[in-house]
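Asker: Provided herewith is a single structure, encoded as structure tokens, for subsequent inquiry.
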Amino acid sequence: MRIADLNETQLDALREVSNIGMGHAATALSQMLGKTVNLRVPQVLVTDISKVPELLGGAEKMVVGIYLQILGSARGNILMIFPRENAIRILEKLLSRENSRGGLLSELEVSALKEVGNILASAYLNALGTMLKMTLIPSVPVLSFDMAGAVVDYVLVDLAEVGDQSLMVETEFFEDDEQVKGHFFLLPDTPSLQIILEAIGVLHG
Amino acid sequence: MSCMGEVTIIGLSEYGLAAAPGVLLTYGLGSCIGIALYDPELRRGSLAHTLLPTAHDVAAIAVKTAKFTDLAIDIMVEELVKSGCAKGRLVAKLAGGASMFDTEYRSFRGNIGQRNVDSARKSLAGHGIPLLAEDTGGDYGRTVEFHASSGLMIIKSIQKPNKTI
């Protein structure tokens, strides 16, 4: 299966699957923050690997990246990207106190953000797994607060080993006043993409 | 930078060439590395931003690409020689190869950043190109400017002062 060969039905199916997964994740985040969290329509981004940093707002943009591996019946990566200001807002809401003002994140802040990542990914994968009748488990989350280009390159390694194109299912979520927003990326590896499409019943168009 | 020449941005898995006073710039190296090759006599050089250590692990490669550290060095040497540089005069500098995520993950892919650095060193040694300086490892991203007028590499990071090698 080549990423470039995916047809419209398959792309639609991936968008829909991600929408359901993200719906659960947004509910979990809403409960955590006590605010409504909305979703934009998911996009399936098929792009050259070298262009991925641009999709994240530019290679030099400061972001918090939370990364988890998907373990179980299908493998892949989940990457959540929060622009720096938004990560700080989430922390203000969660920790109800003065936060770091632009320097490094404290250990408590890192831990709180990882927990946010863990909850989002677990809700997402749980919904996805139920729908696809497979077991999908998130690994322990890890976090990096740095330039987007530096945060993402590690995640691209799996994809780069098999081709020059990346497939990312991206969903943007935001609170009504846009104080909290972020991007959730599902990056299935190529064999898993096939497994997922087969489970949805659209592997052969 | 008062008298900086034209700046060319090098994206992920790309490389570029420049002659003095040109500048090659690449943003946000994490586990990727920035490899600069330079001919000090001609004041001409090349910078690559590579993602994977070696093409040898990969069964089929359609085109030679700067995605791979070892292939990128081969390509840059070839291009620099084609543009008039003497292979025997080339020198190298490296930056990047960090482990962006926590320690427990470093073993996950055998520390991809370190493997990139090792692959670059090995490949440079194979070409007989001296490695003059490097700023590698750590857990932070780097933006690299390579100046063809001086052969200097300026490394910028978020939490650290700029460094010149």
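In the structure tokens, chains take letters A, B, ... by order of appearance, with residues numbered from 1 within each chain and ligands from 1 in the order shown.
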Enumerate, in order of chain and increasing residue number, the residues of chain A with an atom no farther than 6 Å from chain B, each with its shortest atom pair and distance in Å to one decimal, counting only C-alpha atoms, as a tab-separated table.
Answerer:
residue	atom	partner	partner_atom	distance
A:Ser50	CA	B:Leu12	CA	4.6
A:Ala59	CA	B:Gly28	CA	5.5
A:Glu60	CA	B:Gly28	CA	5.7
A:Val142	CA	B:Phe101	CA	5.9
A:Leu143	CA	B:Phe101	CA	6.0
A:Ser144	CA	B:Phe101	CA	5.8
A:Met147	CA	B:Gly28	CA	5.5
A:Gly149	CA	B:Gly28	CA	4.4
A:Ala150	CA	B:Gly30	CA	3.6
Asker: Could the residues in this selection be saved with C-alpha atoms as a PDB file, in the first residue's frame?
Answerer:
ATOM      1  CA  SER A  50      10.188  17.506   4.329  1.00  0.00           C
ATOM      2  CA  ALA A  59      10.038  24.593  11.980  1.00  0.00           C
ATOM      3  CA  GLU A  60      11.111  27.347  14.343  1.00  0.00           C
ATOM      4  CA  VAL A 142       6.823  11.912  26.590  1.00  0.00           C
ATOM      5  CA  LEU A 143       7.090  15.642  26.183  1.00  0.00           C
ATOM      6  CA  SER A 144       9.321  18.133  24.518  1.00  0.00           C
ATOM      7  CA  MET A 147      11.097  24.217  18.099  1.00  0.00           C
ATOM      8  CA  GLY A 149      10.943  21.045  13.620  1.00  0.00           C
ATOM      9  CA  ALA A 150      13.001  19.493  16.378  1.00  0.00           C
TER      10      ALA A 150
END
Asker: Residues at most 9 Å from Leu47 (chain B), counting only C-alpha atoms, excluding those fewer than 3 positions away in the same chain, as a short mmCIF file (atom, residue, chain, number, x, y, z; two decimals) with all heavy atoms, in the first residue's frame?
Answerer:
data_model
loop_
_atom_site.label_atom_id
_atom_site.label_comp_id
_atom_site.auth_asym_id
_atom_site.auth_seq_id
_atom_site.Cartn_x
_atom_site.Cartn_y
_atom_site.Cartn_z
N ILE B 10 17.31 25.40 4.04
CA ILE B 10 17.40 23.98 3.74
C ILE B 10 16.35 23.26 4.58
O ILE B 10 16.41 23.31 5.81
CB ILE B 10 18.80 23.42 4.11
CG1 ILE B 10 19.93 24.30 3.54
CG2 ILE B 10 18.95 21.96 3.68
CD1 ILE B 10 19.96 24.40 2.04
N GLU B 14 16.82 17.77 2.97
CA GLU B 14 17.33 18.48 1.80
C GLU B 14 18.79 18.89 2.04
O GLU B 14 19.28 18.85 3.16
CB GLU B 14 16.50 19.75 1.54
CG GLU B 14 15.07 19.46 1.12
CD GLU B 14 14.21 20.71 1.01
OE1 GLU B 14 14.68 21.82 1.35
OE2 GLU B 14 13.05 20.57 0.61
N TYR B 15 19.44 19.33 0.97
CA TYR B 15 20.78 19.89 1.12
C TYR B 15 20.89 21.05 0.14
O TYR B 15 20.07 21.20 -0.76
CB TYR B 15 21.86 18.84 0.84
CG TYR B 15 22.05 18.54 -0.62
CD1 TYR B 15 23.09 19.12 -1.34
CD2 TYR B 15 21.14 17.72 -1.30
CE1 TYR B 15 23.25 18.87 -2.69
CE2 TYR B 15 21.29 17.47 -2.65
CZ TYR B 15 22.34 18.05 -3.35
OH TYR B 15 22.48 17.82 -4.68
N GLY B 16 21.90 21.89 0.36
CA GLY B 16 22.11 23.00 -0.56
C GLY B 16 23.57 23.36 -0.63
O GLY B 16 24.37 22.95 0.23
N LEU B 17 23.93 24.11 -1.67
CA LEU B 17 25.31 24.56 -1.84
C LEU B 17 25.34 26.08 -1.78
O LEU B 17 24.37 26.73 -2.14
CB LEU B 17 25.85 24.14 -3.22
CG LEU B 17 25.92 22.67 -3.60
CD1 LEU B 17 26.51 22.53 -4.99
CD2 LEU B 17 26.75 21.88 -2.60
N ALA B 18 26.47 26.63 -1.32
CA ALA B 18 26.61 28.09 -1.33
C ALA B 18 28.08 28.46 -1.48
O ALA B 18 28.96 27.75 -1.01
CB ALA B 18 26.06 28.69 -0.04
N LEU B 24 23.69 29.29 4.36
CA LEU B 24 22.71 28.20 4.33
C LEU B 24 22.12 28.08 5.72
O LEU B 24 22.84 28.11 6.72
CB LEU B 24 23.40 26.89 3.92
CG LEU B 24 24.05 26.90 2.52
CD1 LEU B 24 24.95 25.69 2.34
CD2 LEU B 24 22.99 26.94 1.44
N LEU B 25 20.79 27.97 5.78
CA LEU B 25 20.11 28.02 7.07
C LEU B 25 19.15 26.84 7.19
O LEU B 25 18.40 26.55 6.25
CB LEU B 25 19.32 29.34 7.13
CG LEU B 25 18.36 29.58 8.28
CD1 LEU B 25 19.10 29.61 9.61
CD2 LEU B 25 17.63 30.90 8.06
N THR B 26 19.19 26.15 8.31
CA THR B 26 18.18 25.11 8.52
C THR B 26 17.62 25.24 9.93
O THR B 26 18.34 25.50 10.89
CB THR B 26 18.72 23.70 8.20
OG1 THR B 26 17.62 22.81 8.08
CG2 THR B 26 19.69 23.17 9.26
N GLY B 34 22.58 18.43 11.13
CA GLY B 34 23.03 19.36 10.11
C GLY B 34 24.49 19.06 9.83
O GLY B 34 25.31 19.06 10.75
N ILE B 35 24.79 18.76 8.58
CA ILE B 35 26.16 18.42 8.20
C ILE B 35 26.66 19.51 7.27
O ILE B 35 26.03 19.77 6.24
CB ILE B 35 26.21 17.08 7.42
CG1 ILE B 35 25.52 15.98 8.22
CG2 ILE B 35 27.65 16.70 7.07
CD1 ILE B 35 25.08 14.80 7.36
N ALA B 36 27.76 20.14 7.64
CA ALA B 36 28.33 21.15 6.76
C ALA B 36 29.67 20.65 6.22
O ALA B 36 30.50 20.14 6.99
CB ALA B 36 28.54 22.45 7.51
N LEU B 37 29.84 20.75 4.91
CA LEU B 37 31.13 20.46 4.29
C LEU B 37 31.64 21.77 3.70
O LEU B 37 30.84 22.57 3.18
CB LEU B 37 30.99 19.40 3.18
CG LEU B 37 30.51 18.02 3.60
CD1 LEU B 37 30.55 17.07 2.40
CD2 LEU B 37 31.33 17.46 4.75
N TYR B 38 32.96 21.97 3.74
CA TYR B 38 33.48 23.28 3.35
C TYR B 38 34.86 23.16 2.71
O TYR B 38 35.72 22.42 3.20
CB TYR B 38 33.56 24.15 4.61
CG TYR B 38 33.91 25.59 4.36
CD1 TYR B 38 33.13 26.38 3.52
CD2 TYR B 38 35.01 26.17 4.98
CE1 TYR B 38 33.45 27.72 3.30
CE2 TYR B 38 35.33 27.51 4.78
CZ TYR B 38 34.54 28.28 3.92
OH TYR B 38 34.84 29.60 3.71
N MET B 76 26.79 15.41 -1.27
CA MET B 76 27.41 16.72 -1.09
C MET B 76 28.84 16.73 -1.61
O MET B 76 29.26 17.68 -2.26
CB MET B 76 27.37 17.13 0.38
CG MET B 76 25.98 17.52 0.86
SD MET B 76 26.01 18.42 2.43
CE MET B 76 26.61 17.18 3.52
N PHE B 146 25.00 28.33 8.34
CA PHE B 146 26.35 28.01 7.88
C PHE B 146 26.80 29.09 6.90
O PHE B 146 26.16 29.34 5.88
CB PHE B 146 26.40 26.63 7.22
CG PHE B 146 27.76 26.26 6.75
CD1 PHE B 146 28.78 26.04 7.66
CD2 PHE B 146 28.04 26.15 5.40
CE1 PHE B 146 30.05 25.70 7.22
CE2 PHE B 146 29.30 25.82 4.96
CZ PHE B 146 30.33 25.60 5.87
#
Asker: Excluding Glu134 (chain B) and residues on its chain fewer than 4 positions from it, collect all residues at most 6 Å away from it, counting only C-alpha atoms, and give them as a VMD selection string.
Answerer: chain B and resid 93 to 95
Asker: Using N, CA and C atoms, can you write the selected residues to a file as an mmCIF file, in the first residue's frame?
Answerer:
data_model
loop_
_atom_site.group_PDB
_atom_site.id
_atom_site.type_symbol
_atom_site.label_atom_id
_atom_site.label_comp_id
_atom_site.auth_asym_id
_atom_site.auth_seq_id
_atom_site.Cartn_x
_atom_site.Cartn_y
_atom_site.Cartn_z
ATOM 1 N N LYS B 93 31.722 19.988 9.649
ATOM 2 C CA LYS B 93 31.206 20.321 10.981
ATOM 3 C C LYS B 93 29.808 19.708 11.111
ATOM 4 N N LEU B 94 29.464 19.360 12.337
ATOM 5 C CA LEU B 94 28.165 18.714 12.586
ATOM 6 C C LEU B 94 27.418 19.412 13.707
ATOM 7 N N ALA B 95 26.097 19.436 13.614
ATOM 8 C CA ALA B 95 25.265 19.916 14.722
ATOM 9 C C ALA B 95 23.961 19.140 14.733
#
Asker: Where does DSSP see strand (DSSP E or B) in region 6-194 of chain A, if you list the residues as a ChimeraX atom specification?
Answerer: /A:37-39,43-48,62-72,76-83,136-138,142-147,165-175,181-188
Asker: Can you list, as a list of chain:residue names, every protein, DNA or RNA residue that comes within 7 Å of Lys163 (chain B) when you count only C-alpha atoms, leaving out same-chain residues fewer than 6 positions away?
Answerer: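 The filter keeps B:Ile154, B:Ile155, B:Lys156.
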Asker: For Phe145 (chain A), please output as number ranges by chain all residues within 8 Å (counting only C-alpha atoms; exclusion window: fewer than 2 positions along the same chain).
Answerer: A: 62-65, 104-105, 143, 147, 151
Asker: At a cut-off of 12 Å, using only C-alpha atoms, what residues contact His127 (chain B)? Leave out same-chain residues fewer than 2 positions from it and give the result as a list in words.
Answerer: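 My list of contacting residues is Leu37, Asp70, Leu71, Ile73, Asp74, Ile75, Met76, Val77, Glu78, Lys87, Gly88, Arg89, Leu90, Val91, Ala92, Ala120, Arg121, Lys122, Ser123, Leu124, Ala125, Ile129, Pro130 and Leu131 of chain B.
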Asker: Give the answer as one residue: which of A:Ala13, A:Met80, A:Met134, A:Ile195 has the shortest atom-to-atom distance to Leu56 (chain A), using only C-alpha atoms?
Answerer: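 Comparing A:Ala13, A:Met80, A:Met134, A:Ile195 against Leu56 (chain A), the winner is A:Met80.
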Asker: What are the DSSP helix (DSSP H, G or I) residues of region 5-196 of chain A, as a PyMOL selection string?
Answerer: chain A and resi 5+8-33+49-55+84-95+107-132+148-162+190-196
Asker: Hey, can you spit out that residue selection with C-alpha atoms as a compact mmCIF listing (two decimals), in the first residue's frame?
Answerer:
# COMPACT_ATOMS: atom_id res chain seq x y z
CA ASP A 5 -2.57 5.58 -3.81
CA GLU A 8 -11.31 9.36 -1.68
CA THR A 9 -13.41 6.71 0.12
CA GLN A 10 -10.41 5.61 2.14
CA LEU A 11 -9.49 9.18 3.05
CA ASP A 12 -13.11 9.84 4.08
CA ALA A 13 -13.09 6.76 6.26
CA LEU A 14 -9.90 7.89 8.00
CA ARG A 15 -11.38 11.33 8.61
CA GLU A 16 -14.52 9.82 10.06
CA VAL A 17 -12.66 7.39 12.30
CA SER A 18 -10.52 10.21 13.61
CA ASN A 19 -13.54 12.42 14.16
CA ILE A 20 -15.11 9.83 16.42
CA GLY A 21 -11.88 9.21 18.30
CA MET A 22 -11.31 12.90 18.74
CA GLY A 23 -14.91 13.43 19.86
CA HIS A 24 -14.22 11.23 22.85
CA ALA A 25 -10.92 12.94 23.50
CA ALA A 26 -12.56 16.38 23.41
CA THR A 27 -15.19 15.26 25.91
CA ALA A 28 -12.44 14.10 28.24
CA LEU A 29 -10.61 17.41 27.87
CA SER A 30 -13.84 19.37 28.43
CA GLN A 31 -14.41 17.56 31.69
CA MET A 32 -10.85 18.15 32.80
CA LEU A 33 -10.94 21.88 32.05
CA ILE A 49 8.03 14.43 4.87
CA SER A 50 10.19 17.51 4.33
CA LYS A 51 7.06 19.70 4.45
CA VAL A 52 5.72 18.42 7.78
CA PRO A 53 7.35 21.14 9.94
CA GLU A 54 5.52 23.77 7.87
CA LEU A 55 2.19 22.14 8.68
CA ARG A 84 3.47 27.58 23.63
CA GLU A 85 0.89 30.18 24.77
CA ASN A 86 -1.86 27.59 24.69
CA ALA A 87 0.07 25.08 26.73
CA ILE A 88 0.57 27.79 29.34
CA ARG A 89 -3.20 28.50 29.35
CA ILE A 90 -3.98 24.83 29.88
CA LEU A 91 -1.59 24.81 32.81
CA GLU A 92 -3.21 27.91 34.30
CA LYS A 93 -6.56 26.17 34.20
CA LEU A 94 -5.29 22.88 35.54
CA LEU A 95 -2.93 24.07 38.22
CA GLU A 107 8.52 19.28 36.59
CA LEU A 108 4.94 19.65 37.80
CA GLU A 109 3.94 21.46 34.60
CA VAL A 110 5.54 18.81 32.41
CA SER A 111 3.77 16.13 34.37
CA ALA A 112 0.39 17.90 34.11
CA LEU A 113 0.73 18.32 30.34
CA LYS A 114 1.75 14.69 29.90
CA GLU A 115 -1.35 13.71 31.80
CA VAL A 116 -3.45 15.82 29.44
CA GLY A 117 -1.78 13.98 26.56
CA ASN A 118 -2.38 10.65 28.19
CA ILE A 119 -6.08 11.32 28.73
CA LEU A 120 -6.60 12.61 25.18
CA ALA A 121 -4.75 9.69 23.60
CA SER A 122 -6.44 7.08 25.77
CA ALA A 123 -9.91 8.43 24.98
CA TYR A 124 -9.04 8.63 21.30
CA LEU A 125 -7.56 5.14 21.06
CA ASN A 126 -10.28 3.60 23.16
CA ALA A 127 -12.95 4.93 20.79
CA LEU A 128 -10.92 3.92 17.77
CA GLY A 129 -10.30 0.44 19.14
CA THR A 130 -13.96 -0.13 20.00
CA MET A 131 -15.01 0.92 16.53
CA LEU A 132 -12.38 -1.15 14.75
CA ALA A 148 8.40 22.40 16.09
CA GLY A 149 10.94 21.05 13.62
CA ALA A 150 13.00 19.49 16.38
CA VAL A 151 9.96 18.06 18.12
CA VAL A 152 8.56 16.39 15.05
CA ASP A 153 11.59 14.86 13.36
CA TYR A 154 11.74 11.94 15.76
CA VAL A 155 8.16 11.04 14.93
CA LEU A 156 8.87 11.05 11.21
CA VAL A 157 11.58 8.41 11.47
CA ASP A 158 9.18 5.47 11.12
CA LEU A 159 7.54 6.95 8.04
CA ALA A 160 10.80 8.05 6.48
CA GLU A 161 12.18 4.53 6.64
CA VAL A 162 9.55 3.27 4.21
CA THR A 190 2.24 1.86 6.69
CA PRO A 191 1.32 -1.73 7.68
CA SER A 192 -1.07 -0.38 10.32
CA LEU A 193 -2.73 1.92 7.84
CA GLN A 194 -3.60 -1.20 5.90
CA ILE A 195 -4.89 -2.93 9.05
CA ILE A 196 -7.06 0.08 9.91
